$ cat upload-v4.tsv   # TSV, C-alpha atoms
chain	number	residue	atom	x	y	z
H	12	MET	CA	-19.61	-6.83	10.42
H	13	THR	CA	-19.25	-8.70	7.12
H	14	ALA	CA	-15.81	-10.20	6.60
H	15	PHE	CA	-13.83	-9.03	3.62
H	16	LEU	CA	-13.96	-11.34	0.61
H	17	THR	CA	-10.75	-13.15	-0.29
H	18	GLY	CA	-9.46	-14.31	-3.64
H	19	GLY	CA	-10.09	-17.89	-2.59
H	20	ALA	CA	-13.69	-17.10	-1.71
H	21	LEU	CA	-14.17	-15.40	-5.05
H	22	GLN	CA	-12.83	-18.52	-6.76
H	23	GLU	CA	-15.44	-20.63	-4.97
H	24	ILE	CA	-18.23	-18.27	-6.02
H	25	THR	CA	-17.20	-17.93	-9.65
H	26	GLY	CA	-15.56	-21.30	-10.29
H	27	ALA	CA	-12.46	-19.55	-11.67
H	28	ALA	CA	-9.55	-21.82	-12.54
H	29	ASP	CA	-6.32	-21.53	-10.57
H	30	GLU	CA	-4.52	-19.80	-13.44
H	31	VAL	CA	-7.34	-17.26	-13.74
H	32	LEU	CA	-7.17	-16.56	-10.01
H	33	ALA	CA	-3.41	-16.02	-10.32
H	34	ARG	CA	-3.98	-13.43	-13.05
H	35	LEU	CA	-6.60	-11.70	-10.93
H	36	GLU	CA	-4.19	-11.66	-7.98
H	37	ALA	CA	-1.54	-10.02	-10.18
H	38	TYR	CA	-4.13	-7.44	-11.27
H	39	VAL	CA	-5.10	-6.68	-7.66
H	40	ALA	CA	-1.44	-6.30	-6.67
H	41	LEU	CA	-0.84	-3.89	-9.56
H	42	LEU	CA	-3.94	-1.92	-8.62
H	43	GLY	CA	-2.62	-1.42	-5.09
H	44	LYS	CA	0.77	-0.33	-6.41
H	45	TRP	CA	-0.61	2.22	-8.87
H	46	GLN	CA	-3.23	3.49	-6.42
H	47	ALA	CA	-0.38	4.99	-4.40
H	48	LYS	CA	0.47	7.17	-7.41
H	49	ILE	CA	-2.85	7.93	-9.10
H	50	ASN	CA	-6.44	7.74	-7.91
H	51	LEU	CA	-7.89	4.68	-9.61
H	52	VAL	CA	-10.57	3.63	-7.12
H	53	GLY	CA	-11.94	4.83	-3.79
H	54	ARG	CA	-9.23	4.30	-1.19
H	55	ASP	CA	-11.55	2.59	1.30
H	56	SER	CA	-12.79	0.17	-1.36
H	57	LEU	CA	-9.34	-1.43	-1.61
H	58	LYS	CA	-9.89	-2.96	1.83
H	59	ASP	CA	-12.53	-5.21	0.27
H	60	VAL	CA	-11.23	-5.17	-3.30
H	61	TRP	CA	-12.28	-8.74	-4.07
H	62	ARG	CA	-15.92	-8.01	-3.30
H	63	ARG	CA	-16.21	-4.34	-4.23
H	64	HIS	CA	-14.40	-4.55	-7.55
H	65	ILE	CA	-13.54	-8.07	-8.69
H	66	LEU	CA	-16.76	-9.93	-7.80
H	67	ASP	CA	-18.84	-6.88	-8.71
H	68	SER	CA	-17.37	-7.04	-12.21
H	69	ALA	CA	-17.13	-10.82	-12.58
H	70	GLN	CA	-20.84	-11.33	-11.93
H	71	LEU	CA	-21.57	-10.02	-15.43
H	72	GLN	CA	-19.74	-12.90	-17.12
H	73	PRO	CA	-22.57	-15.48	-16.88
H	74	LEU	CA	-24.96	-12.85	-18.26
H	75	LEU	CA	-23.05	-12.31	-21.50
H	76	PRO	CA	-24.96	-13.89	-24.43
H	77	SER	CA	-23.15	-16.88	-25.91
H	78	GLY	CA	-23.03	-15.33	-29.37
H	79	ALA	CA	-21.58	-11.98	-28.33
H	80	LYS	CA	-18.43	-11.07	-30.27
H	81	ILE	CA	-17.71	-7.50	-29.11
H	82	VAL	CA	-18.13	-6.18	-25.56
H	83	ALA	CA	-17.48	-2.48	-24.89
H	84	ASP	CA	-16.84	-1.09	-21.41
H	85	ILE	CA	-17.72	2.61	-21.19
H	86	GLY	CA	-15.57	4.61	-18.78
H	87	SER	CA	-13.48	1.60	-17.86
H	88	GLY	CA	-11.35	3.50	-15.34
H	89	ALA	CA	-9.20	0.92	-13.56
H	90	GLY	CA	-10.75	-1.87	-15.64
H	91	PHE	CA	-14.06	-2.50	-13.92
H	92	PRO	CA	-15.92	-4.36	-15.21
H	93	GLY	CA	-14.32	-4.80	-18.64
H	94	LEU	CA	-10.79	-5.91	-17.77
H	95	VAL	CA	-11.98	-8.35	-15.11
H	96	LEU	CA	-14.30	-9.89	-17.70
H	97	ALA	CA	-11.44	-10.11	-20.20
H	98	ILE	CA	-9.30	-11.92	-17.61
H	99	ILE	CA	-11.92	-14.48	-16.58
H	100	THR	CA	-13.51	-15.20	-19.97
H	101	ASP	CA	-12.30	-18.34	-21.73
H	102	PRO	CA	-10.21	-18.00	-24.92
H	103	GLY	CA	-12.43	-17.86	-27.97
H	104	GLY	CA	-14.95	-15.65	-26.19
H	105	PRO	CA	-15.83	-12.08	-27.13
H	106	GLU	CA	-13.35	-9.26	-27.70
H	107	PHE	CA	-13.29	-6.75	-24.85
H	108	HIS	CA	-12.87	-3.05	-25.63
H	109	LEU	CA	-12.06	-0.69	-22.76
H	110	ILE	CA	-13.09	2.91	-23.43
H	111	GLU	CA	-11.38	5.45	-21.16
H	112	SER	CA	-10.63	9.15	-21.69
H	113	ASN	CA	-8.07	9.57	-18.87
H	114	ALA	CA	-4.50	9.08	-20.12
H	115	LYS	CA	-3.10	7.91	-16.77
H	116	LYS	CA	-5.85	5.33	-16.36
H	117	CYS	CA	-5.19	4.12	-19.91
H	118	ALA	CA	-1.53	3.67	-18.99
H	119	PHE	CA	-2.60	1.53	-16.04
H	120	LEU	CA	-4.94	-0.49	-18.23
H	121	ARG	CA	-2.16	-1.19	-20.72
H	122	GLU	CA	0.13	-2.44	-17.97
H	123	ALA	CA	-2.67	-4.49	-16.39
H	124	CYS	CA	-3.44	-6.07	-19.76
H	125	ARG	CA	0.24	-6.88	-20.22
H	126	ILE	CA	0.77	-8.64	-16.89
H	127	THR	CA	-2.55	-10.51	-16.98
H	128	GLU	CA	-2.35	-11.36	-20.70
H	129	ALA	CA	-5.98	-10.28	-20.90
H	130	GLY	CA	-5.84	-9.23	-24.54
H	131	ALA	CA	-8.33	-6.39	-24.09
H	132	ILE	CA	-8.26	-3.49	-26.57
H	133	ILE	CA	-7.90	-0.04	-25.03
H	134	HIS	CA	-9.42	3.08	-26.59
H	135	HIS	CA	-8.06	6.36	-25.20
H	136	VAL	CA	-11.12	8.37	-26.14
H	137	ARG	CA	-14.42	9.63	-24.78
H	138	ALA	CA	-17.25	7.24	-25.57
H	139	GLU	CA	-19.16	9.90	-27.51
H	140	ASP	CA	-16.12	10.45	-29.75
H	141	LEU	CA	-15.63	6.80	-30.70
H	142	ILE	CA	-16.75	6.43	-34.30
H	143	ASN	CA	-17.23	3.51	-36.70
H	144	PHE	CA	-17.54	1.10	-33.79
H	145	LYS	CA	-20.36	-1.28	-32.97
H	146	ALA	CA	-20.65	-3.67	-30.01
H	147	ASP	CA	-22.97	-6.55	-29.21
H	148	ILE	CA	-22.86	-5.70	-25.51
H	149	VAL	CA	-22.11	-2.45	-23.69
H	150	VAL	CA	-21.21	-2.66	-20.00
H	151	ALA	CA	-20.57	0.09	-17.47
H	152	ARG	CA	-20.15	0.63	-13.77
H	153	ALA	CA	-20.13	3.82	-11.68
H	154	VAL	CA	-19.81	6.06	-14.74
H	155	SER	CA	-22.91	8.25	-14.86
H	156	SER	CA	-26.67	8.32	-14.53
H	157	LEU	CA	-28.61	5.76	-16.52
H	158	GLU	CA	-29.99	8.43	-18.85
H	159	LYS	CA	-26.48	9.65	-19.67
H	160	LEU	CA	-25.22	6.08	-20.07
H	161	LEU	CA	-27.92	5.42	-22.66
H	162	GLU	CA	-26.80	8.47	-24.63
H	163	TYR	CA	-23.25	7.10	-24.64
H	164	ALA	CA	-24.22	3.49	-25.31
H	165	LYS	CA	-26.86	3.77	-28.03
H	166	PRO	CA	-24.48	4.90	-30.83
H	167	LEU	CA	-22.10	2.06	-29.95
H	168	LEU	CA	-24.70	-0.73	-29.98
H	169	ARG	CA	-25.60	-2.99	-32.83
H	170	LYS	CA	-29.30	-2.99	-33.70
H	171	ASP	CA	-30.00	-6.05	-31.53
H	172	GLY	CA	-27.40	-5.21	-28.87
H	173	GLN	CA	-27.80	-5.22	-25.11
H	174	CYS	CA	-26.58	-3.15	-22.18
H	175	LEU	CA	-25.50	-4.63	-18.86
H	176	PHE	CA	-25.14	-1.88	-16.27
H	177	LEU	CA	-24.16	-2.32	-12.63
H	178	LYS	CA	-26.41	-0.04	-10.60
H	179	GLY	CA	-26.87	0.78	-6.90
H	180	LYS	CA	-29.85	1.39	-4.66
H	181	ASN	CA	-31.26	4.30	-6.72
H	182	TRP	CA	-31.66	2.24	-9.89
H	183	ARG	CA	-35.47	2.39	-9.92
H	184	GLU	CA	-35.45	6.18	-9.80
H	185	GLU	CA	-32.87	6.30	-12.60
H	186	LEU	CA	-34.87	3.88	-14.73
H	187	THR	CA	-38.12	5.80	-14.29
H	188	LYS	CA	-36.42	9.04	-15.27
H	189	SER	CA	-34.80	7.44	-18.31
H	190	GLN	CA	-38.09	6.01	-19.54
H	191	LYS	CA	-39.38	9.53	-20.14
H	192	ASN	CA	-36.97	9.79	-23.07
H	193	TRP	CA	-36.23	6.17	-23.94
H	194	ILE	CA	-38.22	3.07	-24.82
H	195	ILE	CA	-36.46	0.21	-23.03
H	196	ASN	CA	-37.05	-3.47	-22.38
H	197	GLU	CA	-35.46	-4.03	-18.99
H	198	SER	CA	-34.80	-6.92	-16.63
H	199	THR	CA	-32.78	-7.11	-13.43
H	200	THR	CA	-30.55	-9.56	-11.61
H	201	GLN	CA	-29.73	-9.19	-7.92
H	202	SER	CA	-26.14	-8.13	-7.33
H	203	LEU	CA	-23.80	-10.71	-5.78
H	204	SER	CA	-21.58	-8.01	-4.30
H	205	ASP	CA	-24.06	-5.41	-3.02
H	206	PRO	CA	-27.38	-6.30	-1.36
H	207	SER	CA	-28.87	-2.99	-2.51
H	208	GLY	CA	-27.53	-3.24	-6.07
H	209	ILE	CA	-28.62	-4.90	-9.29
H	210	VAL	CA	-27.43	-5.74	-12.77
H	211	LEU	CA	-29.70	-3.92	-15.18
H	212	LYS	CA	-30.13	-5.57	-18.57
H	213	LEU	CA	-31.52	-3.32	-21.29
H	214	GLU	CA	-32.67	-4.32	-24.77
H	215	GLY	CA	-34.66	-2.79	-27.63
H	216	ILE	CA	-33.37	0.67	-26.78
H	217	VAL	CA	-35.02	3.43	-28.83
H	218	ARG	CA	-35.25	7.17	-28.27
H	219	ARG	CA	-38.86	8.29	-27.91
H	220	ASP	CA	-38.23	11.20	-30.26
H	221	ALA	CA	-36.61	8.99	-32.92
H	222	SER	CA	-38.27	9.45	-36.30
$ encode --input "upload-v4.tsv" --output "structure tokens"
Amino acid sequence: MTAFLTGGALQEITGAADEVLARLEAYVALLGKWQAKINLVGRDSLKDVWRRHILDSAQLQPLLPSGAKIVADIGSGAGFPGLVLAIITDPGGPEFHLIESNAKKCAFLREACRITEAGAIIHHVRAEDLINFKADIVVARAVSSLEKLLEYAKPLLRKDGQCLFLKGKNWREELTKSQKNWIINESTTQSLSDPSGIVLKLEGIVRRDAS
């Protein structure tokens, strides 16, 4: 049986500074405290929180383009991956916007941002209702099918924007289905946290029925 990942092991993998690790530890502690009151993540996943949630999210950071200024996290939930990225990204990096429709989860995100000094911007709104907003990068994890994610993400993306989606073992099936309605340039990166998962990078996203 694979041993649970620790914060120290995550620091070795990601190269996070000590102060960044301390902020992540505060975040993990808050997550455990709030989980007792509201359902933020799967209960069993907390046993391996550093692998299942923190590393899973943090692996996107090296994939963010150097010139990105705005990163939007659709359906941020407890802050994965967007808040983790906000915590570990160096000052002067992109702005992170967390989009979440659940009021209780937004309350958690606000408190998590406060104690970690992450500086993320929280939008208490459904992604499809967010207007006059454009991002360079849209990220998402465990929100919906790829086809539905594209419907949410496309209106939020700048013309040359990219999507970075964390997907599990059924990603090929989801991609094939999505390509019936979307023209997509895709590439994949093997997940660091899940042997059956990938990071799916999508560019040049256009609806096939677009005029």
$ residues_around --input "upload-v4.tsv" --residues "H:Ile65" --least-positions-apart "6" --cutoff "8 Å" --atoms "all atoms listed in the file" --output "list in words"
Phe91, Pro92 and Val95 of chain H
$ closest_residue --input "upload-v4.tsv" --among "H:Gly130, H:Gly19, H:Pro166, H:Gly43" --to "H:Leu57" --atoms "all atoms listed in the file"
H:Gly43
$ residues_around --input "upload-v4.tsv" --residues "H:Gly86" --least-positions-apart "2" --cutoff "10 Å" --atoms "all atoms listed in the file" --output "list in words"
Ala83, Asp84, Gly88, Ala89, Gly90, Phe91, Pro92, Gly93, Leu109, Ile110, Glu111, Ser112, Asn113, Val136, Arg137, Ala138, Val150, Ala151, Arg152, Ala153, Val154, Ser155, Leu160 and Tyr163 of chain H
$ residues_around --input "upload-v4.tsv" --residues "stretch 203-205 of chain H" --least-positions-apart "6" --cutoff "8 Å" --atoms "all atoms listed in the file" --output "list in words"
Arg62, Arg63, Leu66, Asp67, Gln70 and Gly179 of chain H
$ residues_near_point --input "upload-v4.tsv" --point "(-35.5, 8.5, -19.9)" --cutoff "10 Å" --atoms "only C-alpha atoms" --output "compact mmCIF listing (two decimals) with C-alpha atoms, in the coordinates of the input"
# COMPACT_ATOMS: atom_id res chain seq x y z
CA LEU H 157 -28.61 5.76 -16.52
CA GLU H 158 -29.99 8.43 -18.85
CA LYS H 159 -26.48 9.65 -19.67
CA LEU H 161 -27.92 5.42 -22.66
CA GLU H 162 -26.80 8.47 -24.63
CA GLU H 185 -32.87 6.30 -12.60
CA LEU H 186 -34.87 3.88 -14.73
CA THR H 187 -38.12 5.80 -14.29
CA LYS H 188 -36.42 9.04 -15.27
CA SER H 189 -34.80 7.44 -18.31
CA GLN H 190 -38.09 6.01 -19.54
CA LYS H 191 -39.38 9.53 -20.14
CA ASN H 192 -36.97 9.79 -23.07
CA TRP H 193 -36.23 6.17 -23.94
CA ILE H 194 -38.22 3.07 -24.82
CA ILE H 195 -36.46 0.21 -23.03
CA ARG H 218 -35.25 7.17 -28.27
CA ARG H 219 -38.86 8.29 -27.91
$ residues_around --input "upload-v4.tsv" --residues "H:Leu167" --least-positions-apart "6" --cutoff "8 Å" --atoms "only C-alpha atoms" --output "number ranges by chain"
H: 144-146, 149
$ residues_around --input "upload-v4.tsv" --residues "stretch 33-40 of chain H" --least-positions-apart "5" --cutoff "10 Å" --atoms "only C-alpha atoms" --output "PyMOL selection string"
chain H and resi 18+27-28+45-46+57+60-61+64-65+90+94-95+98-99+120+122-129
$ closest_residue --input "upload-v4.tsv" --among "H:Lys178, H:Lys212, H:Lys80, H:His134" --to "H:Asp147" --atoms "only C-alpha atoms"
H:Lys80
$ build_atoms --input "upload-v4.tsv" --residues "stretch 81-92 of chain H" --atoms "all heavy atoms" --output "PDB file, in the coordinates of the input"
ATOM      1  N   ILE H  81     -18.359  -8.743 -29.537  1.00  0.00           N
ATOM      2  CA  ILE H  81     -17.710  -7.500 -29.110  1.00  0.00           C
ATOM      3  C   ILE H  81     -18.401  -6.978 -27.863  1.00  0.00           C
ATOM      4  O   ILE H  81     -19.623  -6.768 -27.854  1.00  0.00           O
ATOM      5  CB  ILE H  81     -17.792  -6.411 -30.206  1.00  0.00           C
ATOM      6  CG1 ILE H  81     -17.157  -6.901 -31.507  1.00  0.00           C
ATOM      7  CG2 ILE H  81     -17.124  -5.114 -29.731  1.00  0.00           C
ATOM      8  CD1 ILE H  81     -15.673  -7.056 -31.454  1.00  0.00           C
ATOM      9  N   VAL H  82     -17.625  -6.770 -26.803  1.00  0.00           N
ATOM     10  CA  VAL H  82     -18.130  -6.180 -25.560  1.00  0.00           C
ATOM     11  C   VAL H  82     -17.368  -4.881 -25.322  1.00  0.00           C
ATOM     12  O   VAL H  82     -16.135  -4.869 -25.308  1.00  0.00           O
ATOM     13  CB  VAL H  82     -17.940  -7.120 -24.357  1.00  0.00           C
ATOM     14  CG1 VAL H  82     -18.420  -6.449 -23.071  1.00  0.00           C
ATOM     15  CG2 VAL H  82     -18.688  -8.432 -24.580  1.00  0.00           C
ATOM     16  N   ALA H  83     -18.089  -3.788 -25.131  1.00  0.00           N
ATOM     17  CA  ALA H  83     -17.480  -2.480 -24.890  1.00  0.00           C
ATOM     18  C   ALA H  83     -17.767  -2.036 -23.462  1.00  0.00           C
ATOM     19  O   ALA H  83     -18.907  -2.089 -23.004  1.00  0.00           O
ATOM     20  CB  ALA H  83     -18.018  -1.451 -25.881  1.00  0.00           C
ATOM     21  N   ASP H  84     -16.721  -1.595 -22.781  1.00  0.00           N
ATOM     22  CA  ASP H  84     -16.840  -1.090 -21.410  1.00  0.00           C
ATOM     23  C   ASP H  84     -16.671   0.421 -21.438  1.00  0.00           C
ATOM     24  O   ASP H  84     -15.587   0.937 -21.713  1.00  0.00           O
ATOM     25  CB  ASP H  84     -15.752  -1.737 -20.538  1.00  0.00           C
ATOM     26  CG  ASP H  84     -15.787  -1.262 -19.088  1.00  0.00           C
ATOM     27  OD1 ASP H  84     -16.797  -0.657 -18.685  1.00  0.00           O
ATOM     28  OD2 ASP H  84     -14.810  -1.507 -18.364  1.00  0.00           O
ATOM     29  N   ILE H  85     -17.746   1.144 -21.161  1.00  0.00           N
ATOM     30  CA  ILE H  85     -17.720   2.610 -21.190  1.00  0.00           C
ATOM     31  C   ILE H  85     -17.148   3.141 -19.878  1.00  0.00           C
ATOM     32  O   ILE H  85     -17.601   2.775 -18.795  1.00  0.00           O
ATOM     33  CB  ILE H  85     -19.140   3.172 -21.401  1.00  0.00           C
ATOM     34  CG1 ILE H  85     -19.663   2.811 -22.793  1.00  0.00           C
ATOM     35  CG2 ILE H  85     -19.147   4.688 -21.231  1.00  0.00           C
ATOM     36  CD1 ILE H  85     -21.070   3.294 -23.058  1.00  0.00           C
ATOM     37  N   GLY H  86     -16.175   4.038 -19.975  1.00  0.00           N
ATOM     38  CA  GLY H  86     -15.570   4.610 -18.780  1.00  0.00           C
ATOM     39  C   GLY H  86     -14.918   3.556 -17.929  1.00  0.00           C
ATOM     40  O   GLY H  86     -15.169   3.454 -16.727  1.00  0.00           O
ATOM     41  N   SER H  87     -14.038   2.788 -18.523  1.00  0.00           N
ATOM     42  CA  SER H  87     -13.480   1.600 -17.860  1.00  0.00           C
ATOM     43  C   SER H  87     -12.686   1.921 -16.609  1.00  0.00           C
ATOM     44  O   SER H  87     -12.601   1.102 -15.696  1.00  0.00           O
ATOM     45  CB  SER H  87     -12.604   0.832 -18.854  1.00  0.00           C
ATOM     46  OG  SER H  87     -12.285  -0.443 -18.369  1.00  0.00           O
ATOM     47  N   GLY H  88     -12.085   3.105 -16.544  1.00  0.00           N
ATOM     48  CA  GLY H  88     -11.350   3.500 -15.340  1.00  0.00           C
ATOM     49  C   GLY H  88     -10.188   2.579 -15.054  1.00  0.00           C
ATOM     50  O   GLY H  88      -9.243   2.461 -15.833  1.00  0.00           O
ATOM     51  N   ALA H  89     -10.255   1.873 -13.927  1.00  0.00           N
ATOM     52  CA  ALA H  89      -9.200   0.920 -13.560  1.00  0.00           C
ATOM     53  C   ALA H  89      -9.449  -0.472 -14.137  1.00  0.00           C
ATOM     54  O   ALA H  89      -8.749  -1.420 -13.808  1.00  0.00           O
ATOM     55  CB  ALA H  89      -9.088   0.839 -12.040  1.00  0.00           C
ATOM     56  N   GLY H  90     -10.479  -0.589 -14.988  1.00  0.00           N
ATOM     57  CA  GLY H  90     -10.750  -1.870 -15.640  1.00  0.00           C
ATOM     58  C   GLY H  90     -11.979  -2.596 -15.159  1.00  0.00           C
ATOM     59  O   GLY H  90     -12.148  -3.788 -15.441  1.00  0.00           O
ATOM     60  N   PHE H  91     -12.845  -1.875 -14.452  1.00  0.00           N
ATOM     61  CA  PHE H  91     -14.060  -2.500 -13.920  1.00  0.00           C
ATOM     62  C   PHE H  91     -15.281  -1.993 -14.679  1.00  0.00           C
ATOM     63  O   PHE H  91     -15.512  -0.785 -14.727  1.00  0.00           O
ATOM     64  CB  PHE H  91     -14.202  -2.187 -12.433  1.00  0.00           C
ATOM     65  CG  PHE H  91     -12.974  -2.515 -11.624  1.00  0.00           C
ATOM     66  CD1 PHE H  91     -12.299  -1.527 -10.935  1.00  0.00           C
ATOM     67  CD2 PHE H  91     -12.494  -3.808 -11.559  1.00  0.00           C
ATOM     68  CE1 PHE H  91     -11.169  -1.823 -10.199  1.00  0.00           C
ATOM     69  CE2 PHE H  91     -11.361  -4.117 -10.833  1.00  0.00           C
ATOM     70  CZ  PHE H  91     -10.692  -3.116 -10.141  1.00  0.00           C
ATOM     71  N   PRO H  92     -16.060  -2.895 -15.267  1.00  0.00           N
ATOM     72  CA  PRO H  92     -15.920  -4.360 -15.210  1.00  0.00           C
ATOM     73  C   PRO H  92     -15.137  -4.996 -16.357  1.00  0.00           C
ATOM     74  O   PRO H  92     -14.838  -6.167 -16.329  1.00  0.00           O
ATOM     75  CB  PRO H  92     -17.377  -4.822 -15.276  1.00  0.00           C
ATOM     76  CG  PRO H  92     -18.032  -3.813 -16.166  1.00  0.00           C
ATOM     77  CD  PRO H  92     -17.360  -2.497 -15.846  1.00  0.00           C
TER      78      PRO H  92
END
